[in-house]
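> I am sharing final.txt, which consists of compact mmCIF, C-alpha atoms:
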```
# COMPACT_ATOMS: atom_id res chain seq x y z
CA MET Z 1 9.64 2.02 -2.71
CA GLN Z 2 13.12 1.74 -4.19
CA ASN Z 3 16.03 -0.63 -4.14
CA GLY Z 4 18.80 0.17 -1.69
CA PRO Z 5 21.32 1.93 -3.96
CA ALA Z 6 18.63 4.22 -5.38
CA VAL Z 7 17.48 5.13 -1.89
CA ARG Z 8 20.99 6.04 -0.80
CA ARG Z 9 21.62 8.11 -3.94
CA ARG Z 10 18.36 10.00 -3.51
CA LYS Z 11 18.87 10.58 0.20
CA LEU Z 12 22.47 11.63 -0.24
CA GLY Z 13 21.43 13.99 -3.04
CA ALA Z 14 18.61 15.46 -0.97
CA GLU Z 15 20.96 16.10 1.95
CA LEU Z 16 23.48 17.78 -0.34
CA ARG Z 17 20.70 19.96 -1.77
CA THR Z 18 19.66 20.97 1.76
CA LEU Z 19 23.25 21.87 2.63
CA ARG Z 20 23.60 23.88 -0.59
CA THR Z 21 20.47 25.92 0.03
CA GLY Z 22 21.54 26.37 3.65
CA ALA Z 23 24.75 27.88 2.34
CA GLY Z 24 22.70 30.33 0.26
CA LEU Z 25 23.88 28.97 -3.09
CA THR Z 26 22.01 28.15 -6.27
CA SER Z 27 22.93 24.97 -8.10
CA GLY Z 28 24.68 27.07 -10.75
CA GLU Z 29 26.73 28.92 -8.16
CA ALA Z 30 27.69 25.66 -6.48
CA ALA Z 31 28.75 24.20 -9.80
CA ARG Z 32 30.97 27.18 -10.55
CA LEU Z 33 32.63 26.92 -7.13
CA VAL Z 34 33.74 23.33 -7.79
CA GLY Z 35 34.34 23.72 -11.53
CA TRP Z 36 31.44 21.60 -12.80
CA HIS Z 37 28.53 22.07 -15.14
CA GLN Z 38 25.27 22.89 -13.36
CA SER Z 39 23.64 19.73 -14.71
CA LYS Z 40 26.06 17.56 -12.72
CA VAL Z 41 24.98 19.17 -9.47
CA SER Z 42 21.33 18.67 -10.45
CA ARG Z 43 21.84 14.98 -11.31
CA ILE Z 44 23.56 14.37 -7.98
CA GLU Z 45 20.86 16.16 -6.00
CA THR Z 46 18.02 14.25 -7.66
CA GLY Z 47 19.79 10.91 -7.28
CA ALA Z 48 19.84 10.45 -11.04
CA SER Z 49 23.53 9.61 -10.93
CA GLY Z 50 25.99 8.36 -8.35
CA VAL Z 51 28.62 10.56 -6.78
CA LYS Z 52 32.20 9.79 -5.83
CA PRO Z 53 33.48 10.48 -2.31
CA ALA Z 54 35.96 13.00 -3.75
CA ASP Z 55 33.06 14.93 -5.32
CA VAL Z 56 31.16 14.92 -2.04
CA ARG Z 57 34.23 16.39 -0.30
CA LEU Z 58 34.37 19.18 -2.88
CA LEU Z 59 30.72 20.04 -2.35
CA LEU Z 60 30.93 19.90 1.45
CA ASP Z 61 33.98 22.17 1.40
CA ALA Z 62 32.17 24.58 -0.93
CA TYR Z 63 29.16 24.64 1.40
CA GLY Z 64 31.32 25.18 4.48
CA VAL Z 65 30.22 21.91 6.12
CA MET Z 66 32.89 21.09 8.69
CA GLU Z 67 30.88 18.98 11.18
CA GLY Z 68 32.88 15.75 11.33
CA GLN Z 69 30.15 13.19 11.95
CA LEU Z 70 27.91 14.51 9.17
CA ARG Z 71 30.81 14.66 6.71
CA GLU Z 72 31.83 11.11 7.53
CA LEU Z 73 28.30 9.76 7.13
CA LEU Z 74 27.81 11.41 3.74
CA LEU Z 75 31.20 10.23 2.55
CA VAL Z 76 30.50 6.66 3.62
CA LEU Z 77 27.16 6.78 1.82
CA ALA Z 78 29.10 7.84 -1.28
CA GLY Z 79 31.33 4.77 -0.98
CA SER Z 80 34.24 5.90 1.16
CA GLU Z 81 35.59 3.95 4.11
CA ASP Z 82 35.02 5.63 7.45
CA THR Z 83 37.63 7.40 9.55
CA ALA Z 84 38.32 4.21 11.51
CA GLY Z 85 39.41 2.61 8.25
CA ARG Z 86 36.49 0.17 8.09
CA HIS Z 87 36.14 -0.53 4.40
CA HIS Z 88 33.23 -2.29 2.76
CA TRP Z 89 34.35 -5.76 3.83
CA TRP Z 90 31.27 -7.38 2.28
CA HIS Z 91 32.56 -6.55 -1.20
CA ALA Z 92 34.89 -9.53 -0.82
CA TYR Z 93 31.74 -11.71 -0.95
CA ARG Z 94 30.35 -10.10 -4.10
CA GLY Z 95 30.19 -13.43 -5.93
CA VAL Z 96 28.14 -15.07 -3.17
CA LEU Z 97 25.85 -12.40 -1.73
CA PRO Z 98 22.80 -11.15 -3.65
CA PRO Z 99 22.87 -7.39 -4.33
CA ALA Z 100 19.92 -6.79 -1.98
CA TYR Z 101 21.75 -8.47 0.89
CA ARG Z 102 24.97 -6.52 0.23
CA ASP Z 103 23.01 -3.31 0.30
CA PHE Z 104 21.28 -4.25 3.57
CA ILE Z 105 24.71 -4.88 5.13
CA SER Z 106 25.88 -1.51 3.82
CA LEU Z 107 23.01 0.31 5.51
CA GLU Z 108 23.49 -1.70 8.71
CA SER Z 109 27.18 -0.79 8.84
CA GLN Z 110 26.46 2.94 8.47
CA ALA Z 111 23.43 3.28 10.75
CA GLY Z 112 23.54 4.67 14.26
CA THR Z 113 20.44 2.81 15.45
CA MET Z 114 18.46 -0.16 14.22
CA ARG Z 115 14.91 -0.90 15.32
CA THR Z 116 13.52 -4.25 14.28
CA LEU Z 117 10.42 -6.35 14.70
CA GLU Z 118 11.10 -10.07 14.27
CA THR Z 119 8.21 -12.50 14.04
CA LEU Z 120 9.97 -15.57 12.64
CA VAL Z 121 13.64 -15.90 13.59
CA VAL Z 122 16.22 -14.35 15.91
CA PRO Z 123 17.75 -11.15 14.44
CA GLY Z 124 20.92 -11.91 12.49
CA LEU Z 125 23.01 -9.68 14.75
CA LEU Z 126 22.16 -11.90 17.72
CA GLN Z 127 22.39 -15.37 16.18
CA THR Z 128 24.82 -18.06 17.30
CA PRO Z 129 26.87 -19.77 14.57
CA GLU Z 130 24.81 -22.99 14.85
CA TYR Z 131 21.50 -21.14 14.70
CA ALA Z 132 22.74 -19.03 11.76
CA ARG Z 133 23.71 -22.19 9.87
CA ALA Z 134 20.32 -23.82 10.49
CA VAL Z 135 18.42 -20.72 9.37
CA THR Z 136 20.61 -20.24 6.31
CA ARG Z 137 20.31 -23.88 5.30
CA ALA Z 138 16.51 -23.67 5.51
CA ALA Z 139 16.34 -20.39 3.58
CA MET Z 140 18.85 -21.41 0.92
CA ASP Z 141 17.78 -25.01 0.37
CA GLY Z 142 20.04 -26.81 -2.07
CA ARG Z 143 23.17 -24.68 -1.52
CA ALA Z 144 26.51 -26.48 -1.31
CA ASP Z 145 28.12 -26.70 2.13
CA ASP Z 146 30.98 -24.34 1.20
CA SER Z 147 28.45 -21.71 0.11
CA LEU Z 148 26.58 -22.15 3.39
CA ASP Z 149 29.84 -21.73 5.29
CA THR Z 150 30.45 -18.41 3.53
CA LEU Z 151 26.95 -17.10 4.22
CA VAL Z 152 27.27 -18.01 7.90
CA GLU Z 153 30.66 -16.30 7.98
CA VAL Z 154 29.06 -13.15 6.62
CA ARG Z 155 26.23 -13.34 9.16
CA LEU Z 156 28.72 -13.51 12.01
CA ALA Z 157 30.92 -10.76 10.54
CA ARG Z 158 27.90 -8.44 10.51
CA GLN Z 159 27.74 -8.71 14.29
CA ASP Z 160 30.86 -6.56 14.58
CA VAL Z 161 28.63 -3.48 14.33
CA LEU Z 162 27.61 -4.16 17.94
CA ARG Z 163 31.27 -4.00 18.97
CA ASN Z 164 32.28 -0.91 17.00
CA ASP Z 165 33.16 2.35 18.69
CA PRO Z 166 30.55 3.68 18.87
CA PRO Z 167 28.43 0.53 18.49
CA LEU Z 168 25.19 0.24 16.60
CA GLU Z 169 22.30 0.67 19.03
CA LEU Z 170 19.90 -2.23 18.50
CA SER Z 171 16.31 -2.20 19.70
CA ALA Z 172 14.48 -5.44 18.91
CA VAL Z 173 10.94 -6.62 19.58
CA LEU Z 174 10.65 -10.40 19.27
CA ASP Z 175 7.36 -12.19 18.88
CA GLU Z 176 7.20 -15.16 21.25
CA ALA Z 177 7.11 -17.45 18.21
CA VAL Z 178 10.77 -16.56 17.61
CA LEU Z 179 11.64 -18.07 20.98
CA ARG Z 180 9.41 -21.11 20.62
CA ARG Z 181 10.38 -22.14 17.08
CA GLU Z 182 12.93 -24.93 17.47
CA VAL Z 183 15.55 -24.04 14.88
CA GLY Z 184 18.37 -26.56 14.50
CA GLY Z 185 17.18 -28.84 17.28
CA PRO Z 186 16.89 -28.52 21.09
CA GLY Z 187 20.62 -28.05 21.71
CA VAL Z 188 21.02 -25.30 19.13
CA MET Z 189 17.93 -23.53 20.41
CA ALA Z 190 19.04 -23.75 24.04
CA ARG Z 191 22.37 -22.11 23.21
CA GLN Z 192 20.58 -19.45 21.13
CA LEU Z 193 18.31 -18.52 24.02
CA GLU Z 194 21.36 -18.23 26.27
CA ARG Z 195 22.92 -15.92 23.69
CA LEU Z 196 19.82 -13.73 23.69
CA VAL Z 197 20.00 -13.36 27.46
CA GLU Z 198 23.68 -12.39 27.22
CA ALA Z 199 23.00 -9.90 24.42
CA ALA Z 200 20.07 -8.32 26.24
CA ARG Z 201 22.44 -7.31 29.04
CA LEU Z 202 24.62 -5.26 26.68
CA PRO Z 203 24.09 -1.49 27.04
CA GLN Z 204 23.69 -1.07 23.27
CA VAL Z 205 20.98 -3.74 22.99
CA ARG Z 206 17.34 -3.34 24.05
CA LEU Z 207 15.39 -6.58 23.73
CA GLN Z 208 11.66 -6.95 24.34
CA VAL Z 209 9.41 -9.98 23.96
CA LEU Z 210 5.88 -9.72 22.61
CA PRO Z 211 4.16 -12.69 24.30
CA PHE Z 212 1.35 -14.72 22.77
CA ALA Z 213 -0.88 -13.31 25.50
CA ALA Z 214 -0.65 -9.90 23.83
CA GLY Z 215 -2.97 -11.28 21.14
CA ALA Z 216 -3.23 -9.71 17.69
CA HIS Z 217 -0.94 -6.73 17.21
CA ILE Z 218 0.11 -4.25 14.56
CA GLY Z 219 3.16 -6.34 13.70
CA ILE Z 220 1.22 -9.37 12.42
CA THR Z 221 1.72 -8.11 8.86
CA GLY Z 222 5.36 -9.12 9.12
CA PRO Z 223 8.86 -8.15 10.26
CA PHE Z 224 10.58 -4.89 9.38
CA VAL Z 225 13.72 -2.91 10.12
CA ILE Z 226 14.12 0.85 10.63
CA PHE Z 227 17.62 2.22 10.12
CA SER Z 228 18.42 5.64 11.55
CA PHE Z 229 21.63 7.53 10.90
CA PRO Z 230 23.65 9.92 13.04
CA SER Z 231 23.51 13.67 12.43
CA THR Z 232 20.45 13.63 10.16
CA SER Z 233 17.07 11.91 10.11
CA ASP Z 234 16.68 12.62 6.38
CA LEU Z 235 18.61 9.44 5.60
CA ASP Z 236 16.42 7.10 7.69
CA VAL Z 237 14.86 4.17 5.83
CA VAL Z 238 12.52 1.23 6.45
CA VAL Z 239 13.51 -2.17 5.05
CA ILE Z 240 11.00 -4.96 4.47
CA ASP Z 241 12.65 -8.24 3.56
CA GLN Z 242 11.01 -10.62 1.09
CA LEU Z 243 11.94 -14.02 -0.32
CA THR Z 244 13.67 -12.74 -3.46
CA SER Z 245 14.18 -9.04 -2.76
CA SER Z 246 13.94 -6.23 -0.20
CA LEU Z 247 11.76 -3.14 -0.27
CA TYR Z 248 13.12 0.20 0.92
CA LEU Z 249 10.61 2.83 2.09
CA GLU Z 250 11.94 6.35 2.38
CA ARG Z 251 8.90 8.66 2.34
CA LYS Z 252 8.36 10.62 5.55
CA GLU Z 253 4.84 9.22 5.91
CA ASP Z 254 6.16 5.65 5.64
CA LEU Z 255 8.87 6.32 8.20
CA GLN Z 256 6.35 7.89 10.54
CA ALA Z 257 3.91 4.98 10.17
CA TYR Z 258 6.54 2.34 10.90
CA THR Z 259 8.07 4.34 13.74
CA GLU Z 260 4.65 4.68 15.37
CA ALA Z 261 4.02 0.96 14.81
CA PHE Z 262 7.31 0.08 16.50
CA ASP Z 263 6.55 2.38 19.43
CA THR Z 264 3.15 0.70 19.81
CA LEU Z 265 4.77 -2.75 19.76
CA ARG Z 266 7.20 -1.72 22.48
CA ILE Z 267 4.30 -0.59 24.65
CA HIS Z 268 2.52 -3.94 24.31
CA ALA Z 269 5.71 -5.97 24.71
CA LEU Z 270 7.21 -6.99 28.03
CA SER Z 271 9.74 -4.62 29.56
CA PRO Z 272 13.41 -5.41 28.88
CA GLU Z 273 13.77 -6.73 32.42
CA ASP Z 274 10.67 -8.93 32.22
CA SER Z 275 11.71 -10.06 28.75
CA LEU Z 276 15.00 -11.36 30.17
CA ASP Z 277 13.09 -13.41 32.73
CA TYR Z 278 10.68 -14.64 30.05
CA ILE Z 279 13.48 -15.83 27.78
CA ALA Z 280 15.24 -17.50 30.70
CA ALA Z 281 12.01 -19.29 31.69
CA ILE Z 282 11.54 -20.62 28.15
CA ALA Z 283 15.17 -21.76 28.13
CA ASP Z 284 14.57 -23.61 31.42
CA GLY Z 285 11.46 -25.25 29.98
CA ALA Z 286 9.09 -23.46 32.32
```
As structure tokens, what does this structure read like?

Amino acid sequence: MQNGPAVRRRKLGAELRTLRTGAGLTSGEAARLVGWHQSKVSRIETGASGVKPADVRLLLDAYGVMEGQLRELLLVLAGSEDTAGRHHWWHAYRGVLPPAYRDFISLESQAGTMRTLETLVVPGLLQTPEYARAVTRAAMDGRADDSLDTLVEVRLARQDVLRNDPPLELSAVLDEAVLRREVGGPGVMARQLERLVEAARLPQVRLQVLPFAAGAHIGITGPFVIFSFPSTSDLDVVVIDQLTSSLYLERKEDLQAYTEAFDTLRIHALSPEDSLDYIAAIADGA
């Protein structure tokens, strides 16, 4: 388990090492091609040091990697804006957002798909402004109103990933408790349930409800997120959010365990179509 920046450095380095060996080069040969000392290549590949986007371009050119999507992903992981010009907008909130939250947003903005189990609250990407404010106020008790406003603004800005081209593909399993917990009062909750129904109809969103009738399930240990990235699965990561920090799991066995857990949850959950009806029935007070 690592913090987010360390995970990205290690995964980026591992991918660059794979590309180097695929090109039939030793680390020394690669270093000579780009005019570096061999130790710099080694530090980058082990994640011991960060790497600038310009350095990643040099290495990718040296390795003959021309595939556009893979190049863009690796460059964004190194800190570059993407080809659509989307810069790291969350950096403007550096003084407000904890580092762990900034890093989560970074991963979310770069991922191709996001699979999430939520047992407590509606996923941030699907929250209404009123619901987001109520959740943020409860989680950040004692914050000034202007700070709350900023955090809600960030929460809503994150939702742009569902409108990007291409959009993030979101697959969410919601425990029924998420739908029953009255956050912000009846009016706020009613509008939030309507929002879920609207979101579930989007082609990039797959929403399933895990009803109380399903009984105990593998997700009772708590919520988690699995980020997957285009072009390569080697950069996938599991994120487990905690009160004061987030844990990032990158080992293949961890990824496999959480992927299998999510697949199991989807099997026991209602189908997307039945989930829509279930949410609508709760909204109607049935």
> Enter the distance from atom CA of Ser275 of chain Z to atom CA of Pro230 of chain Z, in Å, rounded to one decimal.
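About the pair atom CA of Ser275 of chain Z and atom CA of Pro230 of chain Z: they are 28.1 Å apart.
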> Between atom CA of Leu75 of chain Z and atom CA of Gly50 of chain Z, what is the spacing in Å?
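Value for the atom CA of Gly50 of chain Z-atom CA of Leu75 of chain Z distance: 12.2 Å.
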> Quick one: distance from atom CA of Thr26 of chain Z to atom CA of Arg71 of chain Z in Å, one decimal?
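Interatomic distance, atom CA of Thr26 of chain Z to atom CA of Arg71 of chain Z: 20.7 Å.
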> Kindly indicate which residue among Z:Ala23, Z:Val173, Z:Met66, Z:Met140 lies nearest to Pro123 of chain Z, using all atoms listed in the file for the distances.
Z:Val173
> Thr116 of chain Z: which residues within 6 Å, counting all atoms listed in the file, same-chain residues fewer than 6 positions away excluded, as a ChimeraX atom specification?
/Z:172,224-225
> Return as JSON the centre and edge lengths, in Å with one decimal, of the box along x, y and z that encloses every atom of segment 157-162 of chain Z in the file, padded by 4 Å per side.

```
{"center_x": 29.3, "center_y": -7.1, "center_z": 14.2, "size_x": 11.3, "size_y": 15.3, "size_z": 15.4}
```
